[in-house]
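Structure data follow from my_file.cif (mmCIF, C-alpha atoms):
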```
data_structure
#
loop_
_atom_site.group_PDB
_atom_site.id
_atom_site.type_symbol
_atom_site.label_atom_id
_atom_site.label_comp_id
_atom_site.auth_asym_id
_atom_site.auth_seq_id
_atom_site.Cartn_x
_atom_site.Cartn_y
_atom_site.Cartn_z
ATOM 1 C CA MET T 18 104.345 -146.181 -136.617
ATOM 2 C CA LYS T 19 104.753 -145.901 -132.853
ATOM 3 C CA TYR T 20 101.549 -147.900 -132.449
ATOM 4 C CA ILE T 21 103.080 -150.764 -134.456
ATOM 5 C CA TYR T 22 106.124 -150.810 -132.149
ATOM 6 C CA LEU T 23 103.815 -150.760 -129.138
ATOM 7 C CA LEU T 24 101.837 -153.733 -130.466
ATOM 8 C CA ILE T 25 105.055 -155.674 -131.161
ATOM 9 C CA THR T 26 106.300 -154.958 -127.620
ATOM 10 C CA LEU T 27 103.009 -156.057 -126.118
ATOM 11 C CA PHE T 28 103.030 -159.232 -128.216
ATOM 12 C CA ILE T 29 106.582 -160.167 -127.130
ATOM 13 C CA PHE T 30 105.775 -159.435 -123.471
ATOM 14 C CA SER T 31 102.619 -161.520 -123.693
ATOM 15 C CA ALA T 32 104.483 -164.444 -125.285
ATOM 16 C CA CYS T 33 107.213 -164.347 -122.615
ATOM 17 C CA SER T 34 104.702 -164.162 -119.793
ATOM 18 C CA LYS T 35 102.996 -167.299 -121.111
ATOM 19 C CA GLU T 36 106.258 -169.291 -121.366
ATOM 20 C CA LYS T 37 105.790 -172.646 -119.698
ATOM 21 C CA GLY T 38 107.427 -173.099 -116.304
ATOM 22 C CA TYR T 39 108.507 -176.332 -114.600
ATOM 23 C CA GLY T 40 108.397 -177.598 -111.027
ATOM 24 C CA ARG T 41 106.747 -175.958 -108.059
ATOM 25 C CA PHE T 42 108.777 -172.747 -108.555
ATOM 26 C CA ASN T 43 107.864 -172.414 -112.243
ATOM 27 C CA LEU T 44 111.470 -172.506 -113.483
ATOM 28 C CA ARG T 45 112.088 -171.631 -117.137
ATOM 29 C CA ASP T 46 113.884 -173.835 -119.627
ATOM 30 C CA GLY T 47 117.566 -172.825 -119.538
ATOM 31 C CA GLN T 48 117.249 -170.896 -116.279
ATOM 32 C CA GLU T 49 120.301 -171.217 -113.985
ATOM 33 C CA VAL T 50 119.740 -171.716 -110.266
ATOM 34 C CA GLU T 51 121.699 -172.445 -107.084
ATOM 35 C CA LEU T 52 120.995 -175.583 -105.060
ATOM 36 C CA LEU T 53 121.925 -177.100 -101.708
ATOM 37 C CA VAL T 54 122.780 -180.808 -101.938
ATOM 38 C CA SER T 55 122.860 -182.714 -98.652
ATOM 39 C CA HIS T 56 125.479 -185.016 -97.138
ATOM 40 C CA HIS T 57 123.005 -187.918 -96.886
ATOM 41 C CA TYR T 58 123.626 -189.363 -100.332
ATOM 42 C CA GLY T 59 120.923 -191.822 -101.390
ATOM 43 C CA ALA T 60 118.608 -191.103 -98.465
ATOM 44 C CA ILE T 61 114.855 -191.414 -98.814
ATOM 45 C CA ASN T 62 113.599 -188.017 -100.065
ATOM 46 C CA ASP T 63 117.170 -186.974 -100.910
ATOM 47 C CA ALA T 64 116.143 -183.917 -102.925
ATOM 48 C CA PRO T 65 118.291 -180.838 -103.679
ATOM 49 C CA LEU T 66 116.968 -177.604 -102.174
ATOM 50 C CA LEU T 67 116.477 -174.532 -104.312
ATOM 51 C CA LEU T 68 118.089 -171.324 -103.047
ATOM 52 C CA PRO T 69 117.250 -168.922 -101.515
ATOM 53 C CA GLN T 70 113.964 -170.678 -100.641
ATOM 54 C CA LYS T 71 115.693 -173.794 -99.194
ATOM 55 C CA GLU T 72 112.783 -175.883 -100.448
ATOM 56 C CA SER T 73 112.660 -178.779 -102.895
ATOM 57 C CA ALA T 74 112.207 -177.760 -106.528
ATOM 58 C CA GLU T 75 110.598 -181.200 -107.036
ATOM 59 C CA LEU T 76 112.779 -181.814 -110.093
ATOM 60 C CA PRO T 77 115.501 -184.474 -110.462
ATOM 61 C CA LEU T 78 119.174 -183.453 -110.541
ATOM 62 C CA SER T 79 121.442 -185.108 -113.123
ATOM 63 C CA ASN T 80 125.160 -185.196 -114.039
ATOM 64 C CA PHE T 81 126.456 -184.427 -110.522
ATOM 65 C CA LYS T 82 129.114 -187.127 -110.853
ATOM 66 C CA ASP T 83 131.561 -185.723 -108.271
ATOM 67 C CA ARG T 84 129.110 -185.850 -105.373
ATOM 68 C CA GLU T 85 130.465 -187.738 -102.350
ATOM 69 C CA PRO T 86 128.575 -189.088 -99.311
ATOM 70 C CA GLY T 87 129.243 -187.067 -96.170
ATOM 71 C CA TYR T 88 129.618 -183.661 -97.804
ATOM 72 C CA ASN T 89 127.208 -180.746 -98.165
ATOM 73 C CA TYR T 90 127.366 -178.876 -101.462
ATOM 74 C CA LYS T 91 126.239 -175.598 -102.889
ATOM 75 C CA ILE T 92 126.072 -175.970 -106.658
ATOM 76 C CA LYS T 93 124.906 -174.238 -109.801
ATOM 77 C CA ALA T 94 122.493 -176.077 -112.084
ATOM 78 C CA LYS T 95 120.363 -175.374 -115.145
ATOM 79 C CA MET T 96 116.711 -176.149 -115.778
ATOM 80 C CA VAL T 97 116.435 -178.451 -118.809
ATOM 81 C CA ALA T 98 112.997 -179.182 -120.255
ATOM 82 C CA TYR T 99 112.286 -182.379 -122.156
ATOM 83 C CA ASN T 100 110.603 -181.500 -125.433
ATOM 84 C CA GLY T 101 110.515 -184.914 -127.087
ATOM 85 C CA PRO T 102 107.563 -187.245 -127.576
ATOM 86 C CA GLU T 103 105.555 -188.359 -124.572
ATOM 87 C CA LEU T 104 107.060 -191.541 -123.145
ATOM 88 C CA MET T 105 106.182 -194.096 -120.504
ATOM 89 C CA ASP T 106 107.521 -193.749 -116.960
ATOM 90 C CA GLY T 107 111.278 -194.133 -116.922
ATOM 91 C CA GLY T 108 111.892 -192.106 -120.081
ATOM 92 C CA PRO T 109 113.504 -188.650 -120.295
ATOM 93 C CA SER T 110 111.910 -185.969 -118.136
ATOM 94 C CA ASP T 111 112.249 -182.334 -117.154
ATOM 95 C CA GLY T 112 115.023 -181.787 -114.643
ATOM 96 C CA LEU T 113 117.960 -179.842 -113.277
ATOM 97 C CA GLN T 114 121.364 -180.390 -114.869
ATOM 98 C CA PHE T 115 124.542 -179.897 -112.823
ATOM 99 C CA ILE T 116 126.896 -177.113 -113.990
ATOM 100 C CA LYS T 117 129.528 -176.614 -111.260
ATOM 101 C CA ILE T 118 130.314 -176.821 -107.541
ATOM 102 C CA ILE T 119 130.241 -173.470 -105.733
ATOM 103 C CA SER T 120 131.260 -174.797 -102.299
ATOM 104 C CA ARG T 121 131.839 -178.153 -100.548
ATOM 105 C CA GLU T 122 131.814 -178.766 -96.786
ATOM 106 C CA LYS T 123 132.385 -181.956 -94.788
ATOM 107 C CA TYR T 124 129.486 -182.899 -92.509
ATOM 108 C CA THR T 125 130.688 -183.245 -88.905
ATOM 109 C CA GLY T 126 127.435 -184.178 -87.146
ATOM 110 C CA ASN T 127 126.005 -187.575 -86.269
ATOM 111 C CA ASP T 128 122.345 -187.278 -87.250
ATOM 112 C CA SER T 129 120.797 -190.441 -88.647
ATOM 113 C CA PHE T 130 118.834 -190.747 -91.887
ATOM 114 C CA GLU T 131 116.878 -193.412 -93.724
ATOM 115 C CA ILE T 132 117.824 -195.315 -96.872
ATOM 116 C CA SER T 133 115.842 -197.921 -98.803
ATOM 117 C CA LEU T 134 117.381 -201.248 -99.791
ATOM 118 C CA ILE T 135 114.679 -201.783 -102.421
ATOM 119 C CA HIS T 136 114.772 -199.677 -105.592
ATOM 120 C CA SER T 137 112.481 -199.569 -108.592
ATOM 121 C CA PHE T 138 114.054 -200.038 -112.009
ATOM 122 C CA ILE T 139 111.817 -199.250 -114.970
ATOM 123 C CA PRO T 140 111.119 -201.357 -116.939
ATOM 124 C CA GLY T 141 110.999 -204.208 -114.456
ATOM 125 C CA PRO T 142 109.894 -204.968 -110.901
ATOM 126 C CA PRO T 143 111.508 -203.505 -107.744
ATOM 127 C CA GLN T 144 114.802 -205.129 -106.764
ATOM 128 C CA ILE T 145 116.929 -205.419 -103.626
ATOM 129 C CA ILE T 146 120.195 -203.479 -104.074
ATOM 130 C CA LEU T 147 122.223 -205.235 -101.361
ATOM 131 C CA TRP T 148 125.055 -207.622 -102.239
ATOM 132 C CA LYS T 149 128.093 -209.065 -100.499
ATOM 133 C CA GLU T 150 131.795 -209.180 -101.358
ATOM 134 C CA GLU T 151 133.832 -211.380 -99.005
ATOM 135 C CA ASP T 152 132.603 -210.195 -95.576
ATOM 136 C CA LYS T 153 131.374 -206.748 -96.669
ATOM 137 C CA TYR T 154 127.777 -205.757 -97.378
ATOM 138 C CA LEU T 155 127.474 -203.198 -100.179
ATOM 139 C CA ILE T 156 124.864 -201.156 -102.012
ATOM 140 C CA ASN T 157 125.102 -199.145 -105.213
ATOM 141 C CA ILE T 158 123.088 -195.913 -105.221
ATOM 142 C CA GLY T 159 125.051 -194.065 -107.882
ATOM 143 C CA THR T 160 128.233 -194.822 -105.973
ATOM 144 C CA LYS T 161 129.223 -197.973 -104.097
ATOM 145 C CA ILE T 162 128.740 -197.701 -100.311
ATOM 146 C CA GLN T 163 129.548 -200.283 -97.644
ATOM 147 C CA LEU T 164 126.990 -201.005 -94.941
ATOM 148 C CA SER T 165 128.761 -201.656 -91.628
ATOM 149 C CA TYR T 166 127.138 -202.512 -88.299
ATOM 150 C CA ALA T 167 127.925 -202.885 -84.593
ATOM 151 C CA ASP T 168 124.758 -204.701 -83.511
ATOM 152 C CA LYS T 169 124.530 -208.479 -84.112
ATOM 153 C CA LYS T 170 120.806 -208.282 -84.852
ATOM 154 C CA VAL T 171 121.506 -205.839 -87.689
ATOM 155 C CA GLY T 172 124.264 -208.089 -88.997
ATOM 156 C CA ASP T 173 121.909 -211.082 -88.973
ATOM 157 C CA GLN T 174 119.270 -209.066 -90.853
ATOM 158 C CA LEU T 175 121.770 -207.980 -93.511
ATOM 159 C CA GLU T 176 122.836 -211.602 -93.964
ATOM 160 C CA GLU T 177 119.196 -212.720 -94.238
ATOM 161 C CA ILE T 178 118.503 -210.070 -96.893
ATOM 162 C CA TRP T 179 121.658 -210.977 -98.809
ATOM 163 C CA GLN T 180 120.986 -214.730 -98.757
ATOM 164 C CA TYR T 181 117.459 -214.125 -100.055
ATOM 165 C CA ASN T 182 118.703 -211.748 -102.765
ATOM 166 C CA HIS T 183 121.565 -214.053 -103.740
ATOM 167 C CA LYS T 184 119.094 -216.890 -104.301
ATOM 168 C CA ARG T 185 116.957 -214.659 -106.537
ATOM 169 C CA LEU T 186 119.988 -213.530 -108.537
ATOM 170 C CA THR T 187 121.192 -217.082 -109.147
ATOM 171 C CA ASP T 188 117.768 -218.550 -109.963
ATOM 172 C CA TYR T 189 116.327 -216.568 -112.879
ATOM 173 C CA SER T 190 112.891 -218.089 -112.359
ATOM 174 C CA LEU T 191 112.620 -216.058 -109.131
ATOM 175 C CA VAL T 192 113.674 -212.640 -110.497
ATOM 176 C CA SER T 193 110.242 -211.718 -111.861
ATOM 177 C CA LEU T 194 108.365 -212.864 -108.754
ATOM 178 C CA PRO T 195 107.261 -210.323 -106.110
ATOM 179 C CA LEU T 196 109.788 -209.664 -103.347
ATOM 180 C CA LYS T 197 109.336 -211.174 -99.915
ATOM 181 C CA TRP T 198 109.360 -207.663 -98.421
ATOM 182 C CA LYS T 199 107.374 -204.616 -99.536
ATOM 183 C CA SER T 200 110.027 -202.354 -98.053
ATOM 184 C CA ILE T 201 113.444 -202.605 -96.402
ATOM 185 C CA GLN T 202 114.355 -199.396 -94.627
ATOM 186 C CA ALA T 203 117.716 -198.915 -92.894
ATOM 187 C CA THR T 204 118.567 -196.210 -90.373
ATOM 188 C CA VAL T 205 122.160 -195.106 -90.903
ATOM 189 C CA THR T 206 124.838 -192.585 -89.945
ATOM 190 C CA HIS T 207 128.202 -191.894 -91.562
ATOM 191 C CA ASP T 208 130.704 -194.492 -90.386
ATOM 192 C CA PRO T 209 133.586 -192.530 -88.787
ATOM 193 C CA LYS T 210 135.950 -195.471 -89.417
ATOM 194 C CA ASN T 211 135.331 -195.276 -93.166
ATOM 195 C CA PHE T 212 133.897 -191.814 -93.732
ATOM 196 C CA GLY T 213 132.499 -191.146 -97.181
ATOM 197 C CA LYS T 214 132.726 -194.831 -98.098
ATOM 198 C CA ALA T 215 130.444 -196.524 -95.551
ATOM 199 C CA TYR T 216 127.205 -196.060 -93.642
ATOM 200 C CA LEU T 217 126.862 -197.480 -90.131
ATOM 201 C CA VAL T 218 123.482 -199.228 -89.847
ATOM 202 C CA SER T 219 121.756 -198.980 -86.460
ATOM 203 C CA ASN T 220 118.353 -200.427 -87.397
ATOM 204 C CA ILE T 221 116.608 -202.259 -90.227
ATOM 205 C CA LYS T 222 112.846 -202.285 -90.679
ATOM 206 C CA LEU T 223 111.480 -205.150 -92.776
ATOM 207 C CA VAL T 224 107.888 -204.906 -93.982
ATOM 208 C CA GLU T 225 106.356 -208.012 -95.586
#
```

Rewrite the coordinates I just gave you, this time as structure tokens.
Amino acid sequence: MKYIYLLITLFIFSACSKEKGYGRFNLRDGQEVELLVSHHYGAINDAPLLLPQKESAELPLSNFKDREPGYNYKIKAKMVAYNGPELMDGGPSDGLQFIKIISREKYTGNDSFEISLIHSFIPGPPQIILWKEEDKYLINIGTKIQLSYADKKVGDQLEEIWQYNHKRLTDYSLVSLPLKWKSIQATVTHDPKNFGKAYLVSNIKLVE
């Protein structure tokens, strides 16, 4: 009889050891983890870092609705595997699901970071995410953020981008055509005059 119990134990251990893992750290479905989420909301390569490694888990984070630009967070999240039918790009995928905030700290530095003003929306071609309300330039990257500037050249570039995008948005025959620029990359810092609501743009790189 003891041999039967031993075989059952070995079978269960073998099945558990072969359980599929996800991401570069082989996380299990349902596994809870702690993550660091940076103050640079919407930055290029804005990926949460898995603790204690402080490296990207290379999995998207969802449902973190209370995140604010300008604050560093330590949060708890859960690995959620997608077990449905195989879909085209843009469908459900494996990822990390927000559970709760462990700590929140205001960023007090002035380091710059890069954001893209062109985003891909599947299905459909890439689109420029800049628009204008009265005299304010805005982007929506999960939350609405104003883009302010102190340099006239930057202001002229933002206006050029907006005028081009406005024309595309008001002439539907242009929406499906390739964009004038392959990339629009802005170098930004947190705007101290409107912290958490605006990024101060110091440079814009347009690539045709």

_Cut-off 12 Å around (113.3, -168.7, -101.2) with all atoms listed in the file: residues as a ChimeraX atom specification_ = /T:41-42,50-52,66-74

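Contact shell of Phe115 of chain T at 10 Å (all atoms listed in the file; same-chain neighbours under 6 positions omitted): Glu49, Val50, Glu51, Leu52, Leu78, Ser79, Asn80, Phe81, Lys82, Ile92, Lys93, Ala94, Lys95 and Met96 of chain T.
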
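The spacing separating atom CA of Glu151 of chain T from atom CA of Ile221 of chain T amounts to 21.4 Å.
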
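The space separating atom CA of Lys199 of chain T from atom CA of Ile178 of chain T comes to 12.7 Å.
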
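When the PyMOL selection byres ((chain T and resi 43) around 12) is evaluated on the file shown here, the picked residues come out as Ser34, Lys35, Glu36, Lys37, Gly38, Tyr39, Gly40, Arg41, Phe42, Leu44, Arg45, Asp46, Gln48, Leu67, Ala74, Glu75, Leu76, Met96, Ala98 and Asp111 of chain T.
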
*Long-range neighbours of Glu122 of chain T as a list in words, 10 Å cut-off, all atoms listed in the file, 2 positions minimum in chain*: Ser55, His56, Gly87, Tyr88, Asn89, Tyr90, Lys91, Ser120, Tyr124 and Thr125 of chain T

Could you dump the residues just selected with C-alpha atoms as a CSV table (one decimal), in the frame of the given file?
```csv
chain,number,residue,atom,x,y,z
T,55,SER,CA,122.9,-182.7,-98.7
T,56,HIS,CA,125.5,-185.0,-97.1
T,87,GLY,CA,129.2,-187.1,-96.2
T,88,TYR,CA,129.6,-183.7,-97.8
T,89,ASN,CA,127.2,-180.7,-98.2
T,90,TYR,CA,127.4,-178.9,-101.5
T,91,LYS,CA,126.2,-175.6,-102.9
T,120,SER,CA,131.3,-174.8,-102.3
T,124,TYR,CA,129.5,-182.9,-92.5
T,125,THR,CA,130.7,-183.2,-88.9
```

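The neighbours of Pro77 of chain T here are the residues that come within 9 Å of it, using all atoms listed in the file and leaving out any residue fewer than 4 positions away in the same chain; they are T:Ala64, T:Pro65, T:Ser110, T:Asp111, T:Gly112, T:Leu113, T:Gln114.
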
_Residues within 9 Å of Glu225 of chain T, please, as a count of residues only. Count all atoms listed in the file; anything in the same chain fewer than 3 positions from it doesn't count._
6

_Going by the chain IDs and residue numbers used in this file, which residues fall under the PyMOL selection byres ((chain T and resi 152) around 12)? Write them as a VMD selection string._
chain T and resid 148 to 151 153 to 155 163 to 166 172 175 to 176 179

Generate a file of the selected residues that holds C-alpha atoms, formatted as a short mmCIF file (atom, residue, chain, number, x, y, z; two decimals), in the coordinates of the input.
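And here's result-v2.cif as it stands now:
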```
data_model
loop_
_atom_site.label_atom_id
_atom_site.label_comp_id
_atom_site.auth_asym_id
_atom_site.auth_seq_id
_atom_site.Cartn_x
_atom_site.Cartn_y
_atom_site.Cartn_z
CA TRP T 148 125.06 -207.62 -102.24
CA LYS T 149 128.09 -209.06 -100.50
CA GLU T 150 131.79 -209.18 -101.36
CA GLU T 151 133.83 -211.38 -99.00
CA LYS T 153 131.37 -206.75 -96.67
CA TYR T 154 127.78 -205.76 -97.38
CA LEU T 155 127.47 -203.20 -100.18
CA GLN T 163 129.55 -200.28 -97.64
CA LEU T 164 126.99 -201.00 -94.94
CA SER T 165 128.76 -201.66 -91.63
CA TYR T 166 127.14 -202.51 -88.30
CA GLY T 172 124.26 -208.09 -89.00
CA LEU T 175 121.77 -207.98 -93.51
CA GLU T 176 122.84 -211.60 -93.96
CA TRP T 179 121.66 -210.98 -98.81
#
```

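In this structure, atom CA of Thr187 of chain T sits 13.6 Å away from atom CA of Ile145 of chain T.
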
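Using all atoms listed in the file, the smallest distance between any of T:Thr160, T:Gln174, T:Gln202, T:Gln180 and His136 of chain T comes from T:Gln202.
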
Where's the centre, and what are the edge lengths in Å to one decimal, of a box along x, y and z enclosing all listed atoms of segment 41-55 of chain T padded 8 Å per side, as AutoDock Vina command-line options?
```
--center_x 114.8 --center_y -176.8 --center_z -109.1 --size_x 32.1 --size_y 27.8 --size_z 37.0
```

*Using only C-alpha atoms, can you list as a ChimeraX atom specification the residues within 12 Å of (128.7, -192.8, -90.7)?*
/T:56-58,86-88,124-130,162-167,204-219

For the selection you just gave me, I'd like the residues written to a file as a PDB file, in the frame of the given file, keeping C-alpha atoms.
```pdb
ATOM      1  CA  HIS T  56     125.479-185.016 -97.138  1.00  0.00           C
ATOM      2  CA  HIS T  57     123.005-187.918 -96.886  1.00  0.00           C
ATOM      3  CA  TYR T  58     123.626-189.363-100.332  1.00  0.00           C
ATOM      4  CA  PRO T  86     128.575-189.088 -99.311  1.00  0.00           C
ATOM      5  CA  GLY T  87     129.243-187.067 -96.170  1.00  0.00           C
ATOM      6  CA  TYR T  88     129.618-183.661 -97.804  1.00  0.00           C
ATOM      7  CA  TYR T 124     129.486-182.899 -92.509  1.00  0.00           C
ATOM      8  CA  THR T 125     130.688-183.245 -88.905  1.00  0.00           C
ATOM      9  CA  GLY T 126     127.435-184.178 -87.146  1.00  0.00           C
ATOM     10  CA  ASN T 127     126.005-187.575 -86.269  1.00  0.00           C
ATOM     11  CA  ASP T 128     122.345-187.278 -87.250  1.00  0.00           C
ATOM     12  CA  SER T 129     120.797-190.441 -88.647  1.00  0.00           C
ATOM     13  CA  PHE T 130     118.834-190.747 -91.887  1.00  0.00           C
ATOM     14  CA  ILE T 162     128.740-197.701-100.311  1.00  0.00           C
ATOM     15  CA  GLN T 163     129.548-200.283 -97.644  1.00  0.00           C
ATOM     16  CA  LEU T 164     126.990-201.005 -94.941  1.00  0.00           C
ATOM     17  CA  SER T 165     128.761-201.656 -91.628  1.00  0.00           C
ATOM     18  CA  TYR T 166     127.138-202.512 -88.299  1.00  0.00           C
ATOM     19  CA  ALA T 167     127.925-202.885 -84.593  1.00  0.00           C
ATOM     20  CA  THR T 204     118.567-196.210 -90.373  1.00  0.00           C
ATOM     21  CA  VAL T 205     122.160-195.106 -90.903  1.00  0.00           C
ATOM     22  CA  THR T 206     124.838-192.585 -89.945  1.00  0.00           C
ATOM     23  CA  HIS T 207     128.202-191.894 -91.562  1.00  0.00           C
ATOM     24  CA  ASP T 208     130.704-194.492 -90.386  1.00  0.00           C
ATOM     25  CA  PRO T 209     133.586-192.530 -88.787  1.00  0.00           C
ATOM     26  CA  LYS T 210     135.950-195.471 -89.417  1.00  0.00           C
ATOM     27  CA  ASN T 211     135.331-195.276 -93.166  1.00  0.00           C
ATOM     28  CA  PHE T 212     133.897-191.814 -93.732  1.00  0.00           C
ATOM     29  CA  GLY T 213     132.499-191.146 -97.181  1.00  0.00           C
ATOM     30  CA  LYS T 214     132.726-194.831 -98.098  1.00  0.00           C
ATOM     31  CA  ALA T 215     130.444-196.524 -95.551  1.00  0.00           C
ATOM     32  CA  TYR T 216     127.205-196.060 -93.642  1.00  0.00           C
ATOM     33  CA  LEU T 217     126.862-197.480 -90.131  1.00  0.00           C
ATOM     34  CA  VAL T 218     123.482-199.228 -89.847  1.00  0.00           C
ATOM     35  CA  SER T 219     121.756-198.980 -86.460  1.00  0.00           C
TER      36      SER T 219
END
```

Mind dumping segment 46-66 of chain T from that block, keeping C-alpha atoms, as a PDB file, in the first residue's frame?
```pdb
ATOM      1  CA  ASP T  46      -1.027  31.161 -13.128  1.00  0.00           C
ATOM      2  CA  GLY T  47      -2.517  32.719  -9.975  1.00  0.00           C
ATOM      3  CA  GLN T  48       0.861  33.461  -8.402  1.00  0.00           C
ATOM      4  CA  GLU T  49       0.973  36.756  -6.452  1.00  0.00           C
ATOM      5  CA  VAL T  50       4.012  38.996  -6.830  1.00  0.00           C
ATOM      6  CA  GLU T  51       5.247  42.448  -5.808  1.00  0.00           C
ATOM      7  CA  LEU T  52       6.131  45.041  -8.442  1.00  0.00           C
ATOM      8  CA  LEU T  53       7.763  48.460  -8.663  1.00  0.00           C
ATOM      9  CA  VAL T  54       5.877  50.865 -10.941  1.00  0.00           C
ATOM     10  CA  SER T  55       7.764  53.983 -12.013  1.00  0.00           C
ATOM     11  CA  HIS T  56       6.813  57.662 -11.918  1.00  0.00           C
ATOM     12  CA  HIS T  57       7.302  58.045 -15.688  1.00  0.00           C
ATOM     13  CA  TYR T  58       3.784  57.090 -16.716  1.00  0.00           C
ATOM     14  CA  GLY T  59       3.514  56.296 -20.427  1.00  0.00           C
ATOM     15  CA  ALA T  60       7.253  56.386 -21.094  1.00  0.00           C
ATOM     16  CA  ILE T  61       8.816  54.240 -23.788  1.00  0.00           C
ATOM     17  CA  ASN T  62       9.641  50.877 -22.149  1.00  0.00           C
ATOM     18  CA  ASP T  63       7.486  51.782 -19.134  1.00  0.00           C
ATOM     19  CA  ALA T  64       7.477  48.270 -17.679  1.00  0.00           C
ATOM     20  CA  PRO T  65       6.824  47.297 -14.033  1.00  0.00           C
ATOM     21  CA  LEU T  66       9.791  45.674 -12.293  1.00  0.00           C
TER      22      LEU T  66
END
```
